[in-house]
Each structure stands twice: as structure tokens, then as C-alpha cells.
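Everything on this sheet refers to the single structure shown next.
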Number of protein chains: 2
Amino acid sequence: MLSAVFLCASALLSAQTIQLPTPLRTGGKPLMDALNLRQSAREFDSAKSISNQTLSNLLWAAWGFNREKKRTAPSSMDRQEIDLYAVTKEGIYRYDAANNKLIQIVAGDYRKESGTQPYVGEVPLNIVFVCNKSKINSKSESGLIEATYANSGFIAQNIYLFCASEGLATVVRASIDKAKLAKVMNLTDDQLITLAQTVGYPKK
Amino acid sequence: MLSAVFLCASALLSAQTIQLPTPLRTGGKPLMDALNLRQSAREFDSAKSISNQTLSNLLWAAWGFNREKKRTAPSSMDRQEIDLYAVTKEGIYRYDAANNKLIQIVAGDYRKESGTQPYVGEVPLNIVFVCNKSKINSKSESGLIEATYANSGFIAQNIYLFCASEGLATVVRASIDKAKLAKVMNLTDDQLITLAQTVGYPKK
């Protein structure tokens with residue numbers, strides 16, 4: 001009985017949390033070459049999935065820790081208010097950068113809800129940028145918006161350059177039904193969706 | 001007399017416009033290494049200047065053309081509404097990416113006016129990000145702010161990674177007396193300062 005409970009809990013854990021492989025923190029194309037290749041793509045190979053190793057590298061490049069408490073992108077006053085969510089065929093996951101894990105928030109395929117563009121439902125990965133407003137102690141709503149959109153931009157550009165280096169296709173997207181997506185993601189009023197970014201392999 | 005006029009006009013032209021050397025569009029540290037080194041620095045070697053070749057490479061990395069009409073960073077609906085200005089000891093210059101030139105807007109040392117931080121007056125380079133609001137045909141002021149701060153963030157992260165790759169020190173800054181700086185730069189009501197970024201060599 002005890003072992004059955006243990007097995008059940010273990011299966012539950014594995015469904016809800018994905019331990020990502022350790023990200024590679026070296027290598028890739030020379031920076032200027034990656035910048036030279038940087039572009040937006042809106043056609044993806046829907047049949048080709050992204051491996052967990054590539055996903056781990058991508059999320060670390062985007063917003064991982066490159067020092068004990070600091071990250072690959074800056075944030076205003078070091079508030080680190082952005083969370084990245086991975087929306088895949090299997091579910092919606094929050095990237096836990098400190099532990100290199102994906103924490104499942106919702107099970108099921110909600111890719112279509114991650115944007116208004118026709119391709120979002122077919123691609124292996126949509127990344128949704130969410131600001132935790134309580135972490136930004138801004139004097140004004142406009143100050144908060146300015147800061148968190150700039151901070152989202154820093155991270156999104158890391159994803160662009162990672163994709164340029166790895167031969168992946170990507171596009172950052174602002175056209176999102178935010179109210180609908182926030183509901184699907186069970187976000188609180190304190191959480192604000194800023195941007196989304198689609199990643200996949202280029203259409204052949 | 002005619003040759004004196006010609007010489008005078010020529011000297012004026014050379015004072016106002018700097019033709020930058022062709023930027024290097026290849027090389028640099030591997031991308032993941034640059035991401036691993038990415039950090040903000042607030043101490044600079046005030047004695048060490050930045051060469052025109054490095055400046056050309058930096059501005060191209062930030063917001064240069066990597067295709068005929070497209071750039072190293074994305075912008076919402078491809079509106080390319082951001083202009084970068086270089087604030088140096090000699091003056092304030094607008095980066096003309098298409099022609100790889102710096103167009104002098106103001107002569108003189110206005111580095112102190114580029115931010116509220118104590119170091120800005122001593123560093124070789126402050127870059128000021130300016131949105132041309134007329135290029136963004138947004139339905140709302142908040143939509144414009146969201147878009148142009150995200151777009152500024154993409155560019156700023158390119159500068160961070162270029163500096164990480166080249167051993168330069170940099171920090172992006174939001175604390176700017178924007179009204180004062182806009183006056184010094186002779187900006188119109190249609191131009192909005194979003195961010196600034198300081199670049200120099202690290203303090204030994």
C-alpha cells in the first residue's frame with residue numbers, strides 16, 4: 001500500500017515537473033555572426049519538436065542565472081519580476097530558473113490560446129512573458145509598464161540570438177488575447193502578460 | 001576666396017559628420033559565453049576612450065542593418081521607430097545606420113545631462129534611445145509605450161552582449177531627466193527618450 005502511494009505520488013510529480021538537463025553555458029555561433037543572422041520567422045516546421053536539452057539551453061540563454069543571484073538579462077533595480085512560461089502540446093509550464101525545472105501549471109494543449117496568429121497552435125513552443133507586478137515597486141503605473149516592457153525586451157532578444165545561433169526560427173509577438181490567456185494560465189490580478197515568443201524549427 | 005569658403009565648409013562638414021569604419025559583422029565570443037559574461041557595471045575607466053572601429057561595431061550590433069531593410073533587433077510591425085544618439089565628450093550624434101555615420105546634433109560636452117548617475121559625465125560613451133512617435137501608429141498611448149520600451153529593450157540587450165564579448169563595461173539606465181536632456185538634444189514633441197546606456201572600459 002505504501003509503495004503504491006509512493007508510486008502514485010512519484011508519477012504525479014513527474015507529470016507536473018520536468019527536471020531539465022543542465023544547460024550548456026558555452027559555445028554557439030560567434031556573437032557578431034548570430035547578430036548578422038538575427039531575424040523574425042513566421043513559418044515553422046510543425047512536425048519537428050524541440051529536445052529538452054535545447055529547451056534548457058534556450059531558457060537559460062533567455063533568463064537563466066549566470067551568477068549566483070544575477071541573470072543573463074538585466075531588470076530594473078534587479079527586481080527580476082518576469083516569469084517565463086512554456087506553452088507546449090503537453091501543457092503550460094513555469095520556468096524555475098534557479099532549479100532548472102519546468103513546473104506544470106496546466107495540463108493539455110493550449111497553444112492556440114497563446115496568441116492570435118494562425119501558426120501558434122501548430123508550433124512546438126510558445127513562450128509567454130509574465131510580469132509579477134508586486135515585485136515592481138513603481139511610483140506609477142506608467143513607470144511599471146515602461147520598466148517591465150523593457151525588461152521583457154532584453155529577454156526576448158536573448159531568445160532571438162539563441163535561435164539565430166542554433167538554426168531555430170522565432171518571432172516575438174504582442175498580439176495576444178491577454179484576458180483569455182491569463183484565465184487559461186490561472187494568473188492572478190497581480191500578474192501581467194507582456195509579450196509572447198514563438199520558437200520552432202524553420203519550415204523546409 | 002572660393003577655396004577659403006570651400007575649406008571652411010569642408011571643415012564644418014567634418015565637424016558635423018563622422019563617417020564610421022565599416023563594422024565587422026563576424027567574430028566575437030561564442031554566444032553562450034557572451035551570455036554567461038553578461039552583467040551590469042557602474043565603474044568605468046574614464047581615461048580609456050572607445051575607437052571609431054569599436055563604436056561602429058557596437059552601433060551595428062545594437063541596431064544596424066543585417067539585411068537590406070531589416071536590422072539586428074526587431075521592432076513592432078517593423079516600424080523601426082528608435083534612433084540611437086551617441087553622447088561623447090565632443091558632442092551629441094545621431095547614428096545613421098543606413099550610411100554608417102554619426103551626424104552631429106550638438107557640439108560640446110553634454111555627458112552629464114545624459115543621466116542622473118554620477119559616472120555619466122566621466123565615461124567615453126552614453127547612448128540615448130529616442131522613439132520617433134510619429135512612426136508608431138498605435139491605437140493608444142499605452143500601446144505605444146509598451147511597444148517602444150520593448151523595442152528599446154531588444155537593442156539594449158544587443159549592446160550588453162557586444163560589451164560582454166568585447167570586454168567593455170555597460171549599464172542600461174532609466175533614471176534620466178528627460179525634459180532637460182530633450183532640450184539639450186533639440187528634440188521635438190514627437191520624440192520620446194526611452195532609455196540610456198553607458199559604455200566604457202572597466203575600471204582597473
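In the C-alpha cells, chains take letters A, B, ... by order of appearance, with residues numbered from 1 within each chain and ligands from 1 in the order shown.
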
For chain A, work out the contacting residues on chain B at 9 Å, counting only C-alpha atoms, and write them as a compact mmCIF listing (two decimals) with all heavy atoms, in the first residue's frame.
# COMPACT_ATOMS: atom_id res chain seq x y z
N LEU B 24 32.51 45.28 -38.41
CA LEU B 24 32.80 43.85 -38.57
C LEU B 24 31.53 43.08 -38.23
O LEU B 24 30.99 43.24 -37.13
CB LEU B 24 33.93 43.42 -37.63
CG LEU B 24 35.27 44.12 -37.88
CD1 LEU B 24 36.30 43.69 -36.83
CD2 LEU B 24 35.80 43.79 -39.28
N ARG B 25 31.06 42.28 -39.16
CA ARG B 25 29.80 41.55 -38.95
C ARG B 25 30.03 40.08 -38.68
O ARG B 25 29.13 39.25 -38.82
CB ARG B 25 28.90 41.75 -40.16
CG ARG B 25 28.43 43.20 -40.25
CD ARG B 25 27.79 43.54 -41.58
NE ARG B 25 26.64 42.73 -41.90
CZ ARG B 25 25.73 43.06 -42.81
NH1 ARG B 25 25.84 44.21 -43.47
NH2 ARG B 25 24.72 42.27 -43.07
N THR B 26 31.21 39.74 -38.27
CA THR B 26 31.52 38.34 -37.94
C THR B 26 32.50 38.35 -36.76
O THR B 26 33.14 39.35 -36.49
CB THR B 26 32.08 37.61 -39.17
OG1 THR B 26 32.22 36.23 -38.88
CG2 THR B 26 33.42 38.17 -39.62
N GLY B 27 32.56 37.23 -36.05
CA GLY B 27 33.51 37.11 -34.94
C GLY B 27 32.91 37.47 -33.59
O GLY B 27 31.69 37.60 -33.45
N GLY B 28 33.76 37.61 -32.61
CA GLY B 28 33.31 37.84 -31.24
C GLY B 28 33.28 36.52 -30.47
O GLY B 28 33.53 35.45 -31.03
N LYS B 29 32.95 36.61 -29.20
CA LYS B 29 32.88 35.40 -28.36
C LYS B 29 31.69 34.53 -28.78
O LYS B 29 30.70 35.04 -29.30
CB LYS B 29 32.69 35.81 -26.90
CG LYS B 29 33.95 36.37 -26.24
CD LYS B 29 33.88 36.21 -24.73
CE LYS B 29 35.24 36.45 -24.10
NZ LYS B 29 35.67 37.86 -24.19
N PRO B 30 31.78 33.21 -28.54
CA PRO B 30 30.60 32.37 -28.79
C PRO B 30 29.40 32.90 -27.98
O PRO B 30 29.59 33.37 -26.84
CB PRO B 30 31.04 30.99 -28.29
CG PRO B 30 32.53 31.01 -28.33
CD PRO B 30 32.92 32.43 -28.03
N LEU B 31 28.23 32.85 -28.57
CA LEU B 31 27.05 33.46 -27.95
C LEU B 31 26.84 33.05 -26.50
O LEU B 31 26.59 33.91 -25.64
CB LEU B 31 25.79 33.12 -28.77
CG LEU B 31 24.49 33.64 -28.14
CD1 LEU B 31 24.41 35.16 -28.19
CD2 LEU B 31 23.27 33.02 -28.82
N MET B 32 26.93 31.75 -26.19
CA MET B 32 26.63 31.30 -24.83
C MET B 32 27.68 31.82 -23.84
O MET B 32 27.35 32.11 -22.68
CB MET B 32 26.53 29.77 -24.76
CG MET B 32 25.46 29.15 -25.66
SD MET B 32 23.77 29.80 -25.45
CE MET B 32 23.11 28.61 -24.26
N ASP B 33 28.91 31.97 -24.30
CA ASP B 33 29.95 32.56 -23.46
C ASP B 33 29.64 34.04 -23.19
O ASP B 33 29.82 34.53 -22.07
CB ASP B 33 31.32 32.45 -24.14
CG ASP B 33 31.77 31.00 -24.30
OD1 ASP B 33 31.13 30.28 -25.11
OD2 ASP B 33 32.72 30.58 -23.62
N ALA B 34 29.18 34.75 -24.21
CA ALA B 34 28.81 36.16 -24.04
C ALA B 34 27.65 36.28 -23.04
O ALA B 34 27.66 37.15 -22.17
CB ALA B 34 28.45 36.79 -25.38
N LEU B 35 26.67 35.39 -23.17
CA LEU B 35 25.53 35.41 -22.23
C LEU B 35 26.00 35.11 -20.81
O LEU B 35 25.49 35.67 -19.84
CB LEU B 35 24.48 34.38 -22.66
CG LEU B 35 23.64 34.77 -23.88
CD1 LEU B 35 23.00 33.55 -24.52
CD2 LEU B 35 22.57 35.79 -23.50
N ASN B 36 26.97 34.22 -20.70
CA ASN B 36 27.49 33.85 -19.38
C ASN B 36 28.23 35.02 -18.73
O ASN B 36 28.30 35.11 -17.50
CB ASN B 36 28.40 32.63 -19.52
CG ASN B 36 28.48 31.82 -18.25
OD1 ASN B 36 27.52 31.76 -17.47
ND2 ASN B 36 29.63 31.21 -18.00
N LEU B 37 28.79 35.90 -19.57
CA LEU B 37 29.56 37.06 -19.07
C LEU B 37 28.70 38.32 -18.95
O LEU B 37 29.17 39.34 -18.45
CB LEU B 37 30.73 37.35 -20.02
CG LEU B 37 31.85 36.32 -20.05
CD1 LEU B 37 32.75 36.58 -21.25
CD2 LEU B 37 32.66 36.39 -18.75
N ARG B 38 27.49 38.29 -19.42
CA ARG B 38 26.64 39.49 -19.43
C ARG B 38 26.41 40.02 -18.02
O ARG B 38 26.04 39.26 -17.13
CB ARG B 38 25.29 39.15 -20.07
CG ARG B 38 24.57 40.31 -20.66
CD ARG B 38 23.41 40.94 -19.87
NE ARG B 38 23.06 40.48 -18.58
CZ ARG B 38 22.82 41.30 -17.55
NH1 ARG B 38 22.92 42.60 -17.66
NH2 ARG B 38 22.46 40.81 -16.38
N GLN B 39 26.69 41.27 -17.81
CA GLN B 39 26.46 41.87 -16.49
C GLN B 39 26.36 43.38 -16.62
O GLN B 39 26.73 43.95 -17.64
CB GLN B 39 27.59 41.51 -15.53
CG GLN B 39 28.95 42.03 -15.97
CD GLN B 39 30.05 41.71 -14.97
OE1 GLN B 39 29.80 41.58 -13.78
NE2 GLN B 39 31.27 41.57 -15.46
N SER B 40 25.86 44.03 -15.56
CA SER B 40 25.84 45.49 -15.50
C SER B 40 27.04 45.96 -14.70
O SER B 40 27.37 45.37 -13.67
CB SER B 40 24.55 45.97 -14.83
OG SER B 40 23.44 45.72 -15.66
N ASN B 57 31.29 48.95 -34.70
CA ASN B 57 30.86 47.56 -34.44
C ASN B 57 29.72 47.53 -33.42
O ASN B 57 28.75 46.79 -33.57
CB ASN B 57 32.03 46.73 -33.90
CG ASN B 57 33.19 46.63 -34.88
OD1 ASN B 57 33.06 46.96 -36.06
ND2 ASN B 57 34.34 46.17 -34.39
N ALA B 61 25.98 46.28 -34.05
CA ALA B 61 25.44 45.18 -33.23
C ALA B 61 24.12 45.59 -32.59
O ALA B 61 23.16 44.81 -32.54
CB ALA B 61 26.45 44.79 -32.15
N ALA B 62 24.07 46.82 -32.13
CA ALA B 62 22.88 47.32 -31.43
C ALA B 62 21.68 47.41 -32.35
O ALA B 62 20.60 46.89 -32.05
CB ALA B 62 23.18 48.70 -30.83
N PHE B 65 21.86 47.47 -39.83
CA PHE B 65 21.14 46.68 -40.83
C PHE B 65 21.90 45.38 -41.08
O PHE B 65 23.07 45.41 -41.48
CB PHE B 65 21.00 47.47 -42.14
CG PHE B 65 19.96 48.55 -42.03
CD1 PHE B 65 20.31 49.83 -41.63
CD2 PHE B 65 18.63 48.27 -42.29
CE1 PHE B 65 19.34 50.82 -41.51
CE2 PHE B 65 17.65 49.26 -42.16
CZ PHE B 65 18.01 50.54 -41.77
N ASN B 66 21.24 44.24 -40.85
CA ASN B 66 21.86 42.95 -41.18
C ASN B 66 21.27 42.36 -42.46
O ASN B 66 21.73 41.33 -42.94
CB ASN B 66 21.78 41.97 -39.99
CG ASN B 66 20.37 41.55 -39.63
OD1 ASN B 66 19.39 42.00 -40.25
ND2 ASN B 66 20.25 40.71 -38.62
N ARG B 67 20.24 43.01 -43.00
CA ARG B 67 19.67 42.71 -44.31
C ARG B 67 19.36 44.06 -44.95
O ARG B 67 19.50 45.10 -44.29
CB ARG B 67 18.39 41.87 -44.15
CG ARG B 67 18.67 40.43 -43.73
CD ARG B 67 17.51 39.87 -42.93
NE ARG B 67 17.41 40.52 -41.62
CZ ARG B 67 16.36 40.43 -40.82
NH1 ARG B 67 15.31 39.74 -41.19
NH2 ARG B 67 16.37 41.04 -39.64
N LYS B 70 16.28 45.35 -43.00
CA LYS B 70 15.98 44.82 -41.67
C LYS B 70 17.22 44.90 -40.79
O LYS B 70 18.35 44.93 -41.29
CB LYS B 70 15.51 43.36 -41.77
CG LYS B 70 14.31 43.15 -42.69
CD LYS B 70 13.02 43.59 -42.04
CE LYS B 70 11.83 43.30 -42.96
NZ LYS B 70 11.06 42.14 -42.53
N ARG B 71 16.97 44.85 -39.48
CA ARG B 71 18.03 45.17 -38.53
C ARG B 71 18.36 44.02 -37.58
O ARG B 71 17.72 42.98 -37.57
CB ARG B 71 17.59 46.38 -37.72
CG ARG B 71 17.23 47.59 -38.61
CD ARG B 71 17.44 48.86 -37.84
NE ARG B 71 16.99 50.04 -38.56
CZ ARG B 71 17.46 51.26 -38.28
NH1 ARG B 71 18.34 51.45 -37.32
NH2 ARG B 71 16.99 52.29 -38.95
N THR B 72 19.36 44.27 -36.73
CA THR B 72 19.81 43.26 -35.76
C THR B 72 18.83 43.08 -34.61
O THR B 72 18.95 42.12 -33.85
CB THR B 72 21.18 43.67 -35.17
OG1 THR B 72 21.06 44.99 -34.64
CG2 THR B 72 22.28 43.63 -36.23
N ALA B 73 17.88 43.98 -34.46
CA ALA B 73 16.83 43.85 -33.44
C ALA B 73 15.48 44.02 -34.12
O ALA B 73 15.38 44.74 -35.11
CB ALA B 73 17.01 44.90 -32.35
N PRO B 74 14.45 43.36 -33.59
CA PRO B 74 13.12 43.53 -34.20
C PRO B 74 12.49 44.84 -33.73
O PRO B 74 12.99 45.49 -32.82
CB PRO B 74 12.34 42.33 -33.63
CG PRO B 74 12.96 42.07 -32.30
CD PRO B 74 14.43 42.44 -32.45
N SER B 76 8.21 46.45 -33.43
CA SER B 76 6.80 46.14 -33.64
C SER B 76 6.36 46.60 -35.02
O SER B 76 6.54 47.78 -35.37
CB SER B 76 5.95 46.84 -32.58
OG SER B 76 6.56 46.75 -31.32
N SER B 142 -0.79 53.91 -24.36
CA SER B 142 -0.20 52.79 -23.62
C SER B 142 0.37 51.74 -24.58
O SER B 142 1.42 51.16 -24.33
CB SER B 142 -1.22 52.16 -22.67
OG SER B 142 -2.27 51.59 -23.40
N ILE B 145 3.73 53.03 -25.71
CA ILE B 145 4.75 52.90 -24.65
C ILE B 145 5.20 51.44 -24.54
O ILE B 145 6.41 51.15 -24.47
CB ILE B 145 4.19 53.41 -23.30
CG1 ILE B 145 3.96 54.92 -23.36
CG2 ILE B 145 5.11 53.04 -22.12
CD1 ILE B 145 5.21 55.75 -23.52
N GLU B 146 4.25 50.52 -24.51
CA GLU B 146 4.61 49.09 -24.42
C GLU B 146 5.53 48.69 -25.57
O GLU B 146 6.56 48.06 -25.37
CB GLU B 146 3.33 48.23 -24.47
CG GLU B 146 2.46 48.34 -23.23
CD GLU B 146 1.10 47.69 -23.39
OE1 GLU B 146 0.88 46.97 -24.40
OE2 GLU B 146 0.24 47.90 -22.52
N ALA B 147 5.14 49.09 -26.78
CA ALA B 147 5.91 48.69 -27.97
C ALA B 147 7.31 49.29 -27.96
O ALA B 147 8.30 48.59 -28.16
CB ALA B 147 5.16 49.11 -29.24
N THR B 148 7.40 50.57 -27.70
CA THR B 148 8.70 51.23 -27.87
C THR B 148 9.66 50.90 -26.73
O THR B 148 10.88 50.87 -26.95
CB THR B 148 8.54 52.74 -28.12
OG1 THR B 148 9.69 53.20 -28.82
CG2 THR B 148 8.35 53.53 -26.83
N TYR B 149 9.15 50.59 -25.55
CA TYR B 149 10.05 50.15 -24.47
C TYR B 149 10.53 48.72 -24.73
O TYR B 149 11.69 48.41 -24.47
CB TYR B 149 9.40 50.31 -23.09
CG TYR B 149 9.62 51.70 -22.56
CD1 TYR B 149 8.78 52.76 -22.92
CD2 TYR B 149 10.72 51.99 -21.75
CE1 TYR B 149 9.02 54.05 -22.47
CE2 TYR B 149 10.96 53.28 -21.30
CZ TYR B 149 10.11 54.31 -21.67
OH TYR B 149 10.37 55.58 -21.23
N ALA B 150 9.65 47.86 -25.25
CA ALA B 150 10.12 46.52 -25.63
C ALA B 150 11.17 46.64 -26.73
O ALA B 150 12.24 46.02 -26.66
CB ALA B 150 8.94 45.66 -26.10
N ASN B 151 10.90 47.48 -27.73
CA ASN B 151 11.84 47.65 -28.84
C ASN B 151 13.19 48.20 -28.35
O ASN B 151 14.24 47.81 -28.84
CB ASN B 151 11.25 48.58 -29.91
CG ASN B 151 10.00 47.99 -30.57
OD1 ASN B 151 9.74 46.79 -30.47
ND2 ASN B 151 9.21 48.82 -31.21
N SER B 152 13.13 49.11 -27.39
CA SER B 152 14.37 49.64 -26.81
C SER B 152 15.13 48.54 -26.08
O SER B 152 16.36 48.47 -26.12
CB SER B 152 14.05 50.78 -25.83
OG SER B 152 13.40 51.84 -26.50
N GLY B 153 14.38 47.67 -25.40
CA GLY B 153 15.00 46.55 -24.68
C GLY B 153 15.75 45.60 -25.60
O GLY B 153 16.86 45.15 -25.28
N PHE B 154 15.17 45.30 -26.76
CA PHE B 154 15.86 44.40 -27.73
C PHE B 154 17.24 44.97 -28.06
O PHE B 154 18.25 44.27 -28.06
CB PHE B 154 15.07 44.27 -29.03
CG PHE B 154 13.63 43.82 -28.91
CD1 PHE B 154 12.64 44.37 -29.72
CD2 PHE B 154 13.27 42.83 -28.01
CE1 PHE B 154 11.32 43.95 -29.64
CE2 PHE B 154 11.94 42.40 -27.92
CZ PHE B 154 10.97 42.97 -28.73
N ILE B 155 17.26 46.26 -28.37
CA ILE B 155 18.50 46.93 -28.78
C ILE B 155 19.50 46.98 -27.63
O ILE B 155 20.70 46.71 -27.80
CB ILE B 155 18.18 48.36 -29.28
CG1 ILE B 155 17.32 48.30 -30.55
CG2 ILE B 155 19.47 49.15 -29.54
CD1 ILE B 155 16.74 49.66 -30.98
N ALA B 156 19.01 47.32 -26.45
CA ALA B 156 19.90 47.43 -25.28
C ALA B 156 20.59 46.11 -24.97
O ALA B 156 21.76 46.06 -24.59
CB ALA B 156 19.11 47.92 -24.07
N GLN B 157 19.85 45.01 -25.15
CA GLN B 157 20.45 43.70 -24.87
C GLN B 157 21.56 43.38 -25.88
O GLN B 157 22.57 42.77 -25.51
CB GLN B 157 19.38 42.60 -24.85
CG GLN B 157 19.88 41.23 -24.41
CD GLN B 157 20.30 41.18 -22.93
OE1 GLN B 157 20.10 42.14 -22.17
NE2 GLN B 157 20.87 40.07 -22.52
N ASN B 158 21.37 43.80 -27.13
CA ASN B 158 22.46 43.65 -28.10
C ASN B 158 23.72 44.36 -27.62
O ASN B 158 24.84 43.84 -27.76
CB ASN B 158 22.04 44.23 -29.46
CG ASN B 158 21.13 43.29 -30.26
OD1 ASN B 158 21.00 42.12 -29.92
ND2 ASN B 158 20.51 43.82 -31.30
N TYR B 160 24.51 45.04 -24.49
CA TYR B 160 25.04 44.25 -23.37
C TYR B 160 25.91 43.09 -23.86
O TYR B 160 27.00 42.86 -23.33
CB TYR B 160 23.90 43.67 -22.52
CG TYR B 160 23.56 44.50 -21.31
CD1 TYR B 160 22.37 45.22 -21.24
CD2 TYR B 160 24.41 44.56 -20.21
CE1 TYR B 160 22.05 45.99 -20.12
CE2 TYR B 160 24.10 45.32 -19.09
CZ TYR B 160 22.92 46.02 -19.05
OH TYR B 160 22.62 46.77 -17.95
N LEU B 161 25.41 42.38 -24.84
CA LEU B 161 26.15 41.18 -25.29
C LEU B 161 27.40 41.59 -26.07
O LEU B 161 28.44 40.93 -25.95
CB LEU B 161 25.23 40.27 -26.11
CG LEU B 161 24.10 39.65 -25.27
CD1 LEU B 161 23.15 38.87 -26.15
CD2 LEU B 161 24.64 38.76 -24.16
N PHE B 162 27.32 42.66 -26.84
CA PHE B 162 28.52 43.15 -27.53
C PHE B 162 29.59 43.51 -26.49
O PHE B 162 30.77 43.15 -26.64
CB PHE B 162 28.19 44.38 -28.40
CG PHE B 162 29.40 44.93 -29.09
CD1 PHE B 162 29.85 44.38 -30.28
CD2 PHE B 162 30.11 45.99 -28.53
CE1 PHE B 162 30.99 44.88 -30.90
CE2 PHE B 162 31.25 46.49 -29.15
CZ PHE B 162 31.70 45.93 -30.34
N SER B 165 31.13 40.50 -24.96
CA SER B 165 32.03 39.84 -25.91
C SER B 165 33.36 40.60 -26.04
O SER B 165 34.42 39.99 -26.22
CB SER B 165 31.33 39.74 -27.27
OG SER B 165 32.19 39.19 -28.24
N VAL B 171 25.99 49.60 -18.63
CA VAL B 171 24.78 49.51 -17.81
C VAL B 171 23.67 50.28 -18.51
O VAL B 171 23.90 51.36 -19.06
CB VAL B 171 25.02 50.04 -16.37
CG1 VAL B 171 25.38 51.53 -16.35
CG2 VAL B 171 23.81 49.76 -15.47
N VAL B 172 22.48 49.70 -18.52
CA VAL B 172 21.32 50.38 -19.08
C VAL B 172 20.71 51.22 -17.95
O VAL B 172 20.74 50.81 -16.80
CB VAL B 172 20.31 49.38 -19.69
CG1 VAL B 172 19.61 48.52 -18.65
CG2 VAL B 172 19.29 50.08 -20.57
N ARG B 173 20.18 52.41 -18.32
CA ARG B 173 19.73 53.34 -17.30
C ARG B 173 18.36 53.91 -17.64
O ARG B 173 18.10 54.28 -18.79
CB ARG B 173 20.71 54.51 -17.18
CG ARG B 173 22.15 54.12 -17.01
CD ARG B 173 23.04 55.32 -16.74
NE ARG B 173 23.46 56.01 -17.95
CZ ARG B 173 22.92 57.09 -18.48
NH1 ARG B 173 21.85 57.66 -17.93
NH2 ARG B 173 23.40 57.66 -19.57
N ALA B 174 17.51 53.97 -16.62
CA ALA B 174 16.19 54.57 -16.81
C ALA B 174 16.11 55.93 -16.12
O ALA B 174 15.24 56.73 -16.44
CB ALA B 174 15.11 53.64 -16.27
N THR B 194 13.53 57.00 -24.27
CA THR B 194 13.07 55.82 -23.52
C THR B 194 14.13 55.38 -22.49
O THR B 194 13.85 55.34 -21.30
CB THR B 194 12.74 54.64 -24.47
OG1 THR B 194 13.89 54.33 -25.26
CG2 THR B 194 11.56 54.99 -25.38
N LEU B 195 15.31 55.05 -22.96
CA LEU B 195 16.37 54.55 -22.09
C LEU B 195 17.69 55.23 -22.44
O LEU B 195 17.80 55.90 -23.46
CB LEU B 195 16.57 53.03 -22.29
CG LEU B 195 15.42 52.09 -21.98
CD1 LEU B 195 15.78 50.67 -22.39
CD2 LEU B 195 15.05 52.13 -20.49

Practice problem: Run DSSP on the backbone of this structure and report the residues of range 4-127 of chain A it assigns to strand (DSSP E or B), as a list in words. | Solution: Thr17, Ile18, Gln19, Pro30, Phe44, Phe65, Arg71, Ile82, Asp83, Leu84, Tyr85, Ala86, Val87, Gly91, Ile92, Tyr93, Arg94, Tyr95, Asp96, Lys101, Leu102, Ile103, Gln104, Ile105, Val106, Ala107, Leu125, Asn126 and Ile127 of chain A

Output for the residues just chosen: N, CA and C atoms as a short mmCIF file (atom, residue, chain, number, x, y, z; two decimals), in the first residue's frame:
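See out-v3.cif below for the written result:
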data_model
loop_
_atom_site.label_atom_id
_atom_site.label_comp_id
_atom_site.auth_asym_id
_atom_site.auth_seq_id
_atom_site.Cartn_x
_atom_site.Cartn_y
_atom_site.Cartn_z
N THR A 17 6.23 18.20 -13.01
CA THR A 17 7.52 18.89 -13.01
C THR A 17 8.49 18.18 -13.94
N ILE A 18 9.14 18.95 -14.79
CA ILE A 18 10.17 18.40 -15.67
C ILE A 18 11.52 18.94 -15.22
N GLN A 19 12.39 18.01 -14.80
CA GLN A 19 13.76 18.44 -14.49
C GLN A 19 14.52 18.54 -15.80
N PRO A 30 29.71 32.66 -33.10
CA PRO A 30 30.27 33.93 -32.63
C PRO A 30 29.18 35.00 -32.59
N PHE A 44 6.94 27.73 -39.59
CA PHE A 44 7.63 26.76 -38.74
C PHE A 44 7.35 25.34 -39.22
N PHE A 65 20.29 31.99 -14.65
CA PHE A 65 21.27 32.60 -13.74
C PHE A 65 22.68 32.37 -14.30
N ARG A 71 21.29 37.34 -13.57
CA ARG A 71 20.81 36.60 -14.74
C ARG A 71 21.45 37.07 -16.05
N ILE A 82 10.05 39.17 -14.04
CA ILE A 82 9.47 38.40 -15.15
C ILE A 82 9.55 36.89 -14.88
N ASP A 83 8.47 36.21 -15.16
CA ASP A 83 8.49 34.74 -15.24
C ASP A 83 8.23 34.34 -16.69
N LEU A 84 8.96 33.32 -17.13
CA LEU A 84 8.70 32.77 -18.46
C LEU A 84 7.87 31.50 -18.33
N TYR A 85 6.87 31.37 -19.18
CA TYR A 85 6.04 30.17 -19.24
C TYR A 85 6.22 29.53 -20.61
N ALA A 86 6.39 28.22 -20.60
CA ALA A 86 6.49 27.46 -21.86
C ALA A 86 5.13 26.84 -22.14
N VAL A 87 4.57 27.16 -23.30
CA VAL A 87 3.28 26.60 -23.72
C VAL A 87 3.56 25.58 -24.82
N GLY A 91 1.22 20.98 -22.22
CA GLY A 91 0.71 21.82 -21.14
C GLY A 91 1.37 23.18 -21.08
N ILE A 92 1.13 23.86 -19.96
CA ILE A 92 1.75 25.16 -19.72
C ILE A 92 2.64 25.02 -18.48
N TYR A 93 3.88 25.45 -18.59
CA TYR A 93 4.88 25.24 -17.55
C TYR A 93 5.55 26.56 -17.20
N ARG A 94 5.79 26.78 -15.92
CA ARG A 94 6.58 27.95 -15.49
C ARG A 94 8.04 27.52 -15.40
N TYR A 95 8.93 28.33 -15.97
CA TYR A 95 10.37 28.05 -15.91
C TYR A 95 10.90 28.47 -14.54
N ASP A 96 11.37 27.50 -13.79
CA ASP A 96 12.02 27.74 -12.50
C ASP A 96 13.52 27.76 -12.77
N LYS A 101 13.98 23.78 -13.71
CA LYS A 101 12.81 22.91 -13.85
C LYS A 101 11.69 23.62 -14.59
N LEU A 102 10.81 22.83 -15.17
CA LEU A 102 9.55 23.35 -15.69
C LEU A 102 8.44 22.84 -14.78
N ILE A 103 7.73 23.76 -14.17
CA ILE A 103 6.64 23.41 -13.25
C ILE A 103 5.33 23.48 -14.02
N GLN A 104 4.64 22.35 -14.10
CA GLN A 104 3.39 22.37 -14.86
C GLN A 104 2.31 23.16 -14.12
N ILE A 105 1.72 24.11 -14.85
CA ILE A 105 0.64 24.95 -14.30
C ILE A 105 -0.70 24.39 -14.75
N VAL A 106 -0.75 23.99 -16.01
CA VAL A 106 -1.97 23.44 -16.61
C VAL A 106 -1.57 22.29 -17.53
N ALA A 107 -2.32 21.19 -17.49
CA ALA A 107 -2.09 20.09 -18.44
C ALA A 107 -2.99 20.29 -19.65
N LEU A 125 6.71 25.30 -29.51
CA LEU A 125 6.91 26.10 -28.29
C LEU A 125 6.46 27.55 -28.46
N ASN A 126 5.64 27.97 -27.50
CA ASN A 126 5.35 29.40 -27.34
C ASN A 126 5.80 29.78 -25.93
N ILE A 127 6.55 30.86 -25.83
CA ILE A 127 6.99 31.33 -24.53
C ILE A 127 6.17 32.57 -24.18
#

Quiz prompt | DSSP-assigned helix (DSSP H, G or I) members of range 39-173 of chain B, reported as number ranges by chain | solution = B: 52-63, 76-78, 111-114, 118-121, 133-135, 141-166

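Comparing the minimum interatomic distances between Leu144 in chain A and each of A:Ala41, A:Cys131, A:Val199, A:Leu168, counting only C-alpha atoms, we find that A:Cys131 sits nearest.
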